[in-house]
Structures are given as C-alpha cells and as structure tokens.
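Pasting start_15.pdb here (PDB, C-alpha atoms, pLDDT in the B column):
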```
ATOM      1  CA  MET M   1      98.981  83.798  84.837  1.00 38.00           C
ATOM      2  CA  GLU M   2     101.329  81.136  83.634  1.00 37.00           C
ATOM      3  CA  GLU M   3      99.669  77.766  83.121  1.00 38.00           C
ATOM      4  CA  ASN M   4     102.500  76.047  84.983  1.00 38.00           C
ATOM      5  CA  ASN M   5     101.334  77.630  88.220  1.00 40.00           C
ATOM      6  CA  HIS M   6     100.091  74.592  90.139  1.00 38.00           C
ATOM      7  CA  ILE M   7      97.827  76.716  92.282  1.00 47.00           C
ATOM      8  CA  HIS M   8      95.798  77.760  89.256  1.00 50.00           C
ATOM      9  CA  THR M   9      95.487  74.532  87.290  1.00 45.00           C
ATOM     10  CA  ASP M  10      93.644  72.423  89.897  1.00 57.00           C
ATOM     11  CA  THR M  11      89.951  72.410  88.923  1.00 68.00           C
ATOM     12  CA  CYS M  12      88.824  72.585  92.570  1.00 86.00           C
ATOM     13  CA  ASN M  13      91.456  75.052  93.655  1.00 90.00           C
ATOM     14  CA  LEU M  14      91.680  78.631  92.429  1.00 93.00           C
ATOM     15  CA  TYR M  15      94.878  80.372  93.559  1.00 93.00           C
ATOM     16  CA  GLY M  16      94.899  78.276  96.732  1.00 92.00           C
ATOM     17  CA  VAL M  17      91.171  78.551  97.541  1.00 94.00           C
ATOM     18  CA  ASP M  18      88.829  75.556  97.379  1.00 91.00           C
ATOM     19  CA  ILE M  19      86.116  76.836  95.054  1.00 90.00           C
ATOM     20  CA  HIS M  20      83.644  74.273  96.361  1.00 89.00           C
ATOM     21  CA  SER M  21      83.996  75.433  99.955  1.00 88.00           C
ATOM     22  CA  GLU M  22      80.808  76.542 101.671  1.00 83.00           C
ATOM     23  CA  SER M  23      82.616  79.424 103.326  1.00 88.00           C
ATOM     24  CA  ILE M  24      85.333  81.482 101.711  1.00 95.00           C
ATOM     25  CA  THR M  25      86.868  84.164 103.909  1.00 97.00           C
ATOM     26  CA  PRO M  26      88.160  87.583 102.898  1.00 98.00           C
ATOM     27  CA  GLU M  27      91.614  86.470 104.077  1.00 98.00           C
ATOM     28  CA  GLN M  28      91.523  83.493 101.692  1.00 97.00           C
ATOM     29  CA  VAL M  29      90.634  85.812  98.816  1.00 98.00           C
ATOM     30  CA  ARG M  30      93.424  88.209  99.798  1.00 98.00           C
ATOM     31  CA  ASP M  31      95.871  85.302  99.740  1.00 97.00           C
ATOM     32  CA  ALA M  32      94.465  84.205  96.370  1.00 97.00           C
ATOM     33  CA  ILE M  33      95.208  87.681  95.007  1.00 97.00           C
ATOM     34  CA  VAL M  34      98.815  87.373  96.213  1.00 96.00           C
ATOM     35  CA  ASN M  35      99.114  83.885  94.686  1.00 94.00           C
ATOM     36  CA  CYS M  36      97.684  85.097  91.381  1.00 93.00           C
ATOM     37  CA  PHE M  37     100.121  87.999  91.231  1.00 91.00           C
ATOM     38  CA  VAL M  38     103.114  85.876  92.186  1.00 89.00           C
ATOM     39  CA  GLY M  39     102.310  83.576  89.275  1.00 85.00           C
ATOM     40  CA  ALA M  40     101.515  86.302  86.782  1.00 81.00           C
ATOM     41  CA  HIS M  41     104.053  88.992  87.620  1.00 71.00           C
ATOM     42  CA  GLY M  42     106.823  87.093  89.357  1.00 68.00           C
ATOM     43  CA  ASP M  43     108.645  86.519  86.087  1.00 70.00           C
ATOM     44  CA  THR M  44     109.516  90.216  85.968  1.00 68.00           C
ATOM     45  CA  LEU M  45     111.922  89.527  88.823  1.00 69.00           C
ATOM     46  CA  LYS M  46     113.850  86.749  87.037  1.00 69.00           C
ATOM     47  CA  ASP M  47     116.720  89.068  86.120  1.00 64.00           C
ATOM     48  CA  PHE M  48     117.163  89.826  89.814  1.00 65.00           C
ATOM     49  CA  LYS M  49     117.509  86.104  90.555  1.00 63.00           C
ATOM     50  CA  SER M  50     120.416  85.619  88.162  1.00 65.00           C
ATOM     51  CA  TYR M  51     122.084  88.863  89.231  1.00 62.00           C
ATOM     52  CA  GLU M  52     121.991  87.908  92.898  1.00 68.00           C
ATOM     53  CA  ASN M  53     122.750  84.195  92.251  1.00 73.00           C
ATOM     54  CA  LEU M  54     119.866  83.094  94.472  1.00 76.00           C
ATOM     55  CA  SER M  55     118.619  79.575  95.077  1.00 81.00           C
ATOM     56  CA  GLU M  56     115.112  78.803  93.833  1.00 82.00           C
ATOM     57  CA  GLU M  57     113.820  78.878  97.425  1.00 87.00           C
ATOM     58  CA  GLU M  58     115.433  82.261  98.136  1.00 84.00           C
ATOM     59  CA  PHE M  59     114.091  83.648  94.880  1.00 82.00           C
ATOM     60  CA  GLU M  60     110.537  82.424  95.593  1.00 84.00           C
ATOM     61  CA  LYS M  61     110.610  84.041  99.036  1.00 87.00           C
ATOM     62  CA  ILE M  62     111.842  87.370  97.655  1.00 84.00           C
ATOM     63  CA  LYS M  63     109.314  87.234  94.803  1.00 85.00           C
ATOM     64  CA  ARG M  64     106.405  86.601  97.202  1.00 89.00           C
ATOM     65  CA  THR M  65     107.612  89.352  99.562  1.00 91.00           C
ATOM     66  CA  ASP M  66     107.920  91.844  96.707  1.00 89.00           C
ATOM     67  CA  ILE M  67     104.458  91.049  95.329  1.00 91.00           C
ATOM     68  CA  GLU M  68     102.886  91.107  98.790  1.00 95.00           C
ATOM     69  CA  SER M  69     104.446  94.512  99.405  1.00 96.00           C
ATOM     70  CA  LEU M  70     102.891  95.810  96.170  1.00 94.00           C
ATOM     71  CA  ILE M  71      99.477  94.461  97.178  1.00 97.00           C
ATOM     72  CA  ARG M  72      99.759  95.863 100.714  1.00 98.00           C
ATOM     73  CA  GLY M  73     100.385  99.254  99.107  1.00 97.00           C
ATOM     74  CA  ILE M  74      97.217  98.922  97.038  1.00 98.00           C
ATOM     75  CA  PHE M  75      95.250  98.059 100.193  1.00 98.00           C
ATOM     76  CA  ASP M  76      96.598 101.266 101.748  1.00 98.00           C
ATOM     77  CA  GLU M  77      95.709 103.296  98.630  1.00 97.00           C
ATOM     78  CA  VAL M  78      92.073 102.165  98.732  1.00 98.00           C
ATOM     79  CA  GLY M  79      91.742 102.681 102.496  1.00 97.00           C
ATOM     80  CA  GLY M  80      91.825  99.007 103.418  1.00 98.00           C
ATOM     81  CA  ASP M  81      93.648  96.830 105.909  1.00 98.00           C
ATOM     82  CA  PHE M  82      95.637  93.963 104.386  1.00 98.00           C
ATOM     83  CA  ASN M  83      95.332  91.996 107.624  1.00 98.00           C
ATOM     84  CA  SER M  84      91.550  92.470 107.932  1.00 98.00           C
ATOM     85  CA  PRO M  85      90.169  92.682 104.396  1.00 98.00           C
ATOM     86  CA  THR M  86      86.499  93.177 103.659  1.00 98.00           C
ATOM     87  CA  LYS M  87      84.504  92.235 100.598  1.00 97.00           C
ATOM     88  CA  GLU M  88      84.222  95.891  99.572  1.00 97.00           C
ATOM     89  CA  ILE M  89      87.941  96.551 100.003  1.00 98.00           C
ATOM     90  CA  LEU M  90      88.871  93.400  98.070  1.00 98.00           C
ATOM     91  CA  THR M  91      86.751  94.640  95.175  1.00 98.00           C
ATOM     92  CA  ARG M  92      88.534  98.002  95.243  1.00 98.00           C
ATOM     93  CA  VAL M  93      91.900  96.240  95.409  1.00 98.00           C
ATOM     94  CA  ILE M  94      91.261  94.044  92.362  1.00 98.00           C
ATOM     95  CA  ASP M  95      89.891  97.041  90.452  1.00 98.00           C
ATOM     96  CA  ARG M  96      93.138  98.917  91.119  1.00 97.00           C
ATOM     97  CA  LEU M  97      95.327  95.881  90.424  1.00 96.00           C
ATOM     98  CA  ALA M  98      93.586  95.308  87.083  1.00 96.00           C
ATOM     99  CA  ILE M  99      94.436  98.864  86.010  1.00 96.00           C
ATOM    100  CA  PHE M 100      98.037  98.327  87.138  1.00 92.00           C
ATOM    101  CA  SER M 101      98.315  94.937  85.404  1.00 91.00           C
ATOM    102  CA  LYS M 102      97.029  96.168  82.065  1.00 93.00           C
ATOM    103  CA  LYS M 103     100.194  98.290  81.800  1.00 90.00           C
ATOM    104  CA  PHE M 104     102.279  95.091  81.679  1.00 83.00           C
ATOM    105  CA  ARG M 105      99.975  92.265  80.617  1.00 87.00           C
ATOM    106  CA  ASN M 106      97.550  91.300  77.898  1.00 90.00           C
ATOM    107  CA  GLU M 107      94.164  92.865  78.666  1.00 94.00           C
ATOM    108  CA  ASP M 108      92.235  89.652  77.997  1.00 95.00           C
ATOM    109  CA  GLU M 109      94.441  87.734  80.420  1.00 92.00           C
ATOM    110  CA  VAL M 110      94.055  90.427  83.080  1.00 94.00           C
ATOM    111  CA  ASN M 111      90.280  90.386  82.629  1.00 96.00           C
ATOM    112  CA  LYS M 112      90.242  86.593  82.984  1.00 95.00           C
ATOM    113  CA  HIS M 113      92.123  86.728  86.291  1.00 95.00           C
ATOM    114  CA  TYR M 114      89.985  89.628  87.465  1.00 97.00           C
ATOM    115  CA  GLN M 115      86.828  87.584  86.860  1.00 97.00           C
ATOM    116  CA  GLU M 116      88.320  84.565  88.629  1.00 96.00           C
ATOM    117  CA  ILE M 117      89.181  86.565  91.741  1.00 97.00           C
ATOM    118  CA  ASN M 118      85.853  88.379  91.578  1.00 97.00           C
ATOM    119  CA  SER M 119      84.084  84.996  91.586  1.00 95.00           C
ATOM    120  CA  LEU M 120      85.859  84.245  94.878  1.00 96.00           C
ATOM    121  CA  ILE M 121      84.823  87.619  96.312  1.00 97.00           C
ATOM    122  CA  ASP M 122      81.214  86.827  95.383  1.00 95.00           C
ATOM    123  CA  LYS M 123      81.422  83.676  97.528  1.00 94.00           C
ATOM    124  CA  ILE M 124      82.353  85.572 100.698  1.00 95.00           C
ATOM    125  CA  LYS M 125      79.439  85.501 103.123  1.00 84.00           C
TER     126      LYS M 125
END
```

Produce structure tokens that represent the structure in this file.
Amino acid sequence: MEENNHIHTDTCNLYGVDIHSESITPEQVRDAIVNCFVGAHGDTLKDFKSYENLSEEEFEKIKRTDIESLIRGIFDEVGGDFNSPTKEILTRVIDRLAIFSKKFRNEDEVNKHYQEINSLIDKIK
C-alpha cells in the first residue's frame, strides 16, 4: 500500500479501523480490506482516469466501485456473503486476495498487508 494513504498511516487507525477498539466487527474488517485494496491497487486504474478525463472525486468513486466489485467476487468464490461476513470467510477472502495480489505486487508488501488485516480478523469477537 502506498504510504500516502491516510487511512494506513495513522498509528491508531488501520485501513479505517480503530485498532484499540474493544470490539471490531466483521463488517469493519471487510471495509478495511476494501480500503487496503483501494490504496494498493487503485493506481492500476490511473490510465482510465486520464482517458476519461474524470475529476478526482469521480475517479475515486469509480476506483472504489471497481475494487469493491473485485472483492465481492472473491467473497462469492469462497462461499461468503459480502454484506454479512464472518471471521472464517474473511480469512478465506484474504487468503485468496493475497494469491491474487502476488501476481501484481511485491510479495513482502503483500505479506505485510495480509498480516495487518489478519491482525484485525483476530480481534473479531
């Protein structure tokens, strides 16, 4: 993930989730996965932005929608429900996304993000 992603750089906030919270929900972790992917993989859509002459706001919306669609597909592949994630399904999703990401990203960086998201999954009660 790019270091300029404000969601990631806050020491108390990991991809939009307060890491000091007593209760982290599966939905928060799902959203953290989306945020992580938007930051890490969104740059692959930059050519589309210039081609379509989009504003920054329009581009961010399209980028998030595209990434969320990818992640929804992974939820379907592992037999999960994006709208009602479980701890087990989230683990399957990040396993699958790590395999996918290693095709495009540095393996060490993918492993780092995997561990970060996994630490959030571990906090689900």

Picked residues, the PyMOL selection byres ((chain M and resi 83) around 12), as an MDAnalysis selection string
chainID M and resid 26:31 68 71:72 75:76 80:82 84:86 89:90

Rank nothing, just name the residue among M:Thr25, M:Ser119, M:Asn13, M:Thr65 nearest to Ile94 of chain M, using all atoms listed in the file.
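Between M:Thr25, M:Ser119, M:Asn13, M:Thr65, the residue approaching Ile94 of chain M most closely is M:Ser119.
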
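Atom to atom, atom CA of Thr91 of chain M and atom CA of Cys12 of chain M stand 22.3 Å apart.
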
Quick check, in Å to one decimal: how far apart do atom CA of Ile33 of chain M and atom CA of Glu58 of chain M lie?
21.2 Å

Hey, can I get the axis-aligned box for segment 87-104 of chain M? All listed atoms, 3 Å padding on each side, centre and edge lengths in Å to one decimal, as lines of an AutoDock Vina configuration file.
```
center_x = 93.3
center_y = 95.6
center_z = 91.1
size_x = 24.1
size_y = 12.7
size_z = 24.9
```

Can you tell me how far atom CA of Ile124 of chain M sits from atom CA of Ser21 of chain M, in Å to one decimal?
10.3 Å

Using the chain letters and residue numbers of this document, give as a list in words the residues selected by the PyMOL selection byres ((chain M and resi 22) around 12).
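Applied to this file, the PyMOL selection byres ((chain M and resi 22) around 12) selects Val17, Asp18, Ile19, His20, Ser21, Ser23, Ile24, Thr25, Leu120, Lys123, Ile124 and Lys125 of chain M.
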
Using the chain letters and numbers from the file, give me the residues hit by the PyMOL selection byres ((chain M and resi 37) around 12), as a PyMOL selection string.
chain M and resi 1-2+5+7-8+15+30-36+38-44+63-71+94+97-98+100-101+105+110+113-114+117

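Checking M:Ile74, M:Glu107, M:Ile62, M:Asn53 one by one against Asp95 of chain M, counting only C-alpha atoms, you find the shortest gap at M:Ile74.
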
Using the atoms already present, construct N, CA and C atoms for segment 85-115 of chain M and hand them back as an mmCIF file, keeping the file's coordinate frame.
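So the final result, stored in out-v2.cif, reads:
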```cif
data_model
loop_
_atom_site.group_PDB
_atom_site.id
_atom_site.type_symbol
_atom_site.label_atom_id
_atom_site.label_comp_id
_atom_site.auth_asym_id
_atom_site.auth_seq_id
_atom_site.Cartn_x
_atom_site.Cartn_y
_atom_site.Cartn_z
ATOM 1 N N PRO M 85 90.865 92.230 105.608
ATOM 2 C CA PRO M 85 90.169 92.682 104.396
ATOM 3 C C PRO M 85 88.657 92.490 104.494
ATOM 4 N N THR M 86 87.945 93.320 103.780
ATOM 5 C CA THR M 86 86.499 93.177 103.659
ATOM 6 C C THR M 86 86.163 92.927 102.193
ATOM 7 N N LYS M 87 84.963 92.496 101.957
ATOM 8 C CA LYS M 87 84.504 92.235 100.598
ATOM 9 C C LYS M 87 84.614 93.506 99.741
ATOM 10 N N GLU M 88 84.176 94.618 100.298
ATOM 11 C CA GLU M 88 84.222 95.891 99.572
ATOM 12 C C GLU M 88 85.659 96.301 99.246
ATOM 13 N N ILE M 89 86.536 96.175 100.217
ATOM 14 C CA ILE M 89 87.941 96.551 100.003
ATOM 15 C C ILE M 89 88.590 95.624 98.979
ATOM 16 N N LEU M 90 88.304 94.337 99.050
ATOM 17 C CA LEU M 90 88.871 93.400 98.070
ATOM 18 C C LEU M 90 88.448 93.775 96.648
ATOM 19 N N THR M 91 87.213 94.205 96.492
ATOM 20 C CA THR M 91 86.751 94.640 95.175
ATOM 21 C C THR M 91 87.527 95.864 94.707
ATOM 22 N N ARG M 92 87.739 96.813 95.603
ATOM 23 C CA ARG M 92 88.534 98.002 95.243
ATOM 24 C C ARG M 92 89.963 97.613 94.889
ATOM 25 N N VAL M 93 90.521 96.681 95.655
ATOM 26 C CA VAL M 93 91.900 96.240 95.409
ATOM 27 C C VAL M 93 92.018 95.607 94.025
ATOM 28 N N ILE M 94 91.117 94.686 93.676
ATOM 29 C CA ILE M 94 91.261 94.044 92.362
ATOM 30 C C ILE M 94 90.976 95.020 91.224
ATOM 31 N N ASP M 95 90.109 96.002 91.467
ATOM 32 C CA ASP M 95 89.891 97.041 90.452
ATOM 33 C C ASP M 95 91.203 97.787 90.174
ATOM 34 N N ARG M 96 91.879 98.172 91.248
ATOM 35 C CA ARG M 96 93.138 98.917 91.119
ATOM 36 C C ARG M 96 94.238 98.041 90.521
ATOM 37 N N LEU M 97 94.303 96.787 90.949
ATOM 38 C CA LEU M 97 95.327 95.881 90.424
ATOM 39 C C LEU M 97 95.106 95.580 88.942
ATOM 40 N N ALA M 98 93.862 95.534 88.506
ATOM 41 C CA ALA M 98 93.586 95.308 87.083
ATOM 42 C C ALA M 98 94.125 96.472 86.253
ATOM 43 N N ILE M 99 93.913 97.684 86.718
ATOM 44 C CA ILE M 99 94.436 98.864 86.010
ATOM 45 C C ILE M 99 95.960 98.784 85.950
ATOM 46 N N PHE M 100 96.582 98.465 87.077
ATOM 47 C CA PHE M 100 98.037 98.327 87.138
ATOM 48 C C PHE M 100 98.521 97.246 86.172
ATOM 49 N N SER M 101 97.874 96.093 86.195
ATOM 50 C CA SER M 101 98.315 94.937 85.404
ATOM 51 C C SER M 101 98.207 95.172 83.910
ATOM 52 N N LYS M 102 97.223 95.928 83.499
ATOM 53 C CA LYS M 102 97.029 96.168 82.065
ATOM 54 C C LYS M 102 98.175 96.980 81.452
ATOM 55 N N LYS M 103 99.008 97.586 82.291
ATOM 56 C CA LYS M 103 100.194 98.290 81.800
ATOM 57 C C LYS M 103 101.281 97.309 81.367
ATOM 58 N N PHE M 104 101.216 96.067 81.901
ATOM 59 C CA PHE M 104 102.279 95.091 81.679
ATOM 60 C C PHE M 104 101.812 93.811 81.006
ATOM 61 N N ARG M 105 100.517 93.542 81.060
ATOM 62 C CA ARG M 105 99.975 92.265 80.617
ATOM 63 C C ARG M 105 98.894 92.442 79.574
ATOM 64 N N ASN M 106 98.624 91.353 78.875
ATOM 65 C CA ASN M 106 97.550 91.300 77.898
ATOM 66 C C ASN M 106 96.219 91.573 78.599
ATOM 67 N N GLU M 107 95.423 92.472 78.033
ATOM 68 C CA GLU M 107 94.164 92.865 78.666
ATOM 69 C C GLU M 107 93.198 91.694 78.844
ATOM 70 N N ASP M 108 93.129 90.807 77.872
ATOM 71 C CA ASP M 108 92.235 89.652 77.997
ATOM 72 C C ASP M 108 92.652 88.758 79.162
ATOM 73 N N GLU M 109 93.941 88.561 79.325
ATOM 74 C CA GLU M 109 94.441 87.734 80.420
ATOM 75 C C GLU M 109 94.154 88.396 81.769
ATOM 76 N N VAL M 110 94.350 89.697 81.845
ATOM 77 C CA VAL M 110 94.055 90.427 83.080
ATOM 78 C C VAL M 110 92.568 90.306 83.409
ATOM 79 N N ASN M 111 91.721 90.484 82.407
ATOM 80 C CA ASN M 111 90.280 90.386 82.629
ATOM 81 C C ASN M 111 89.879 88.995 83.108
ATOM 82 N N LYS M 112 90.530 87.973 82.564
ATOM 83 C CA LYS M 112 90.242 86.593 82.984
ATOM 84 C C LYS M 112 90.563 86.408 84.466
ATOM 85 N N HIS M 113 91.731 86.869 84.886
ATOM 86 C CA HIS M 113 92.123 86.728 86.291
ATOM 87 C C HIS M 113 91.239 87.587 87.193
ATOM 88 N N TYR M 114 90.882 88.755 86.710
ATOM 89 C CA TYR M 114 89.985 89.628 87.465
ATOM 90 C C TYR M 114 88.662 88.910 87.735
ATOM 91 N N GLN M 115 88.102 88.298 86.702
ATOM 92 C CA GLN M 115 86.828 87.584 86.860
ATOM 93 C C GLN M 115 86.970 86.395 87.810
#
```
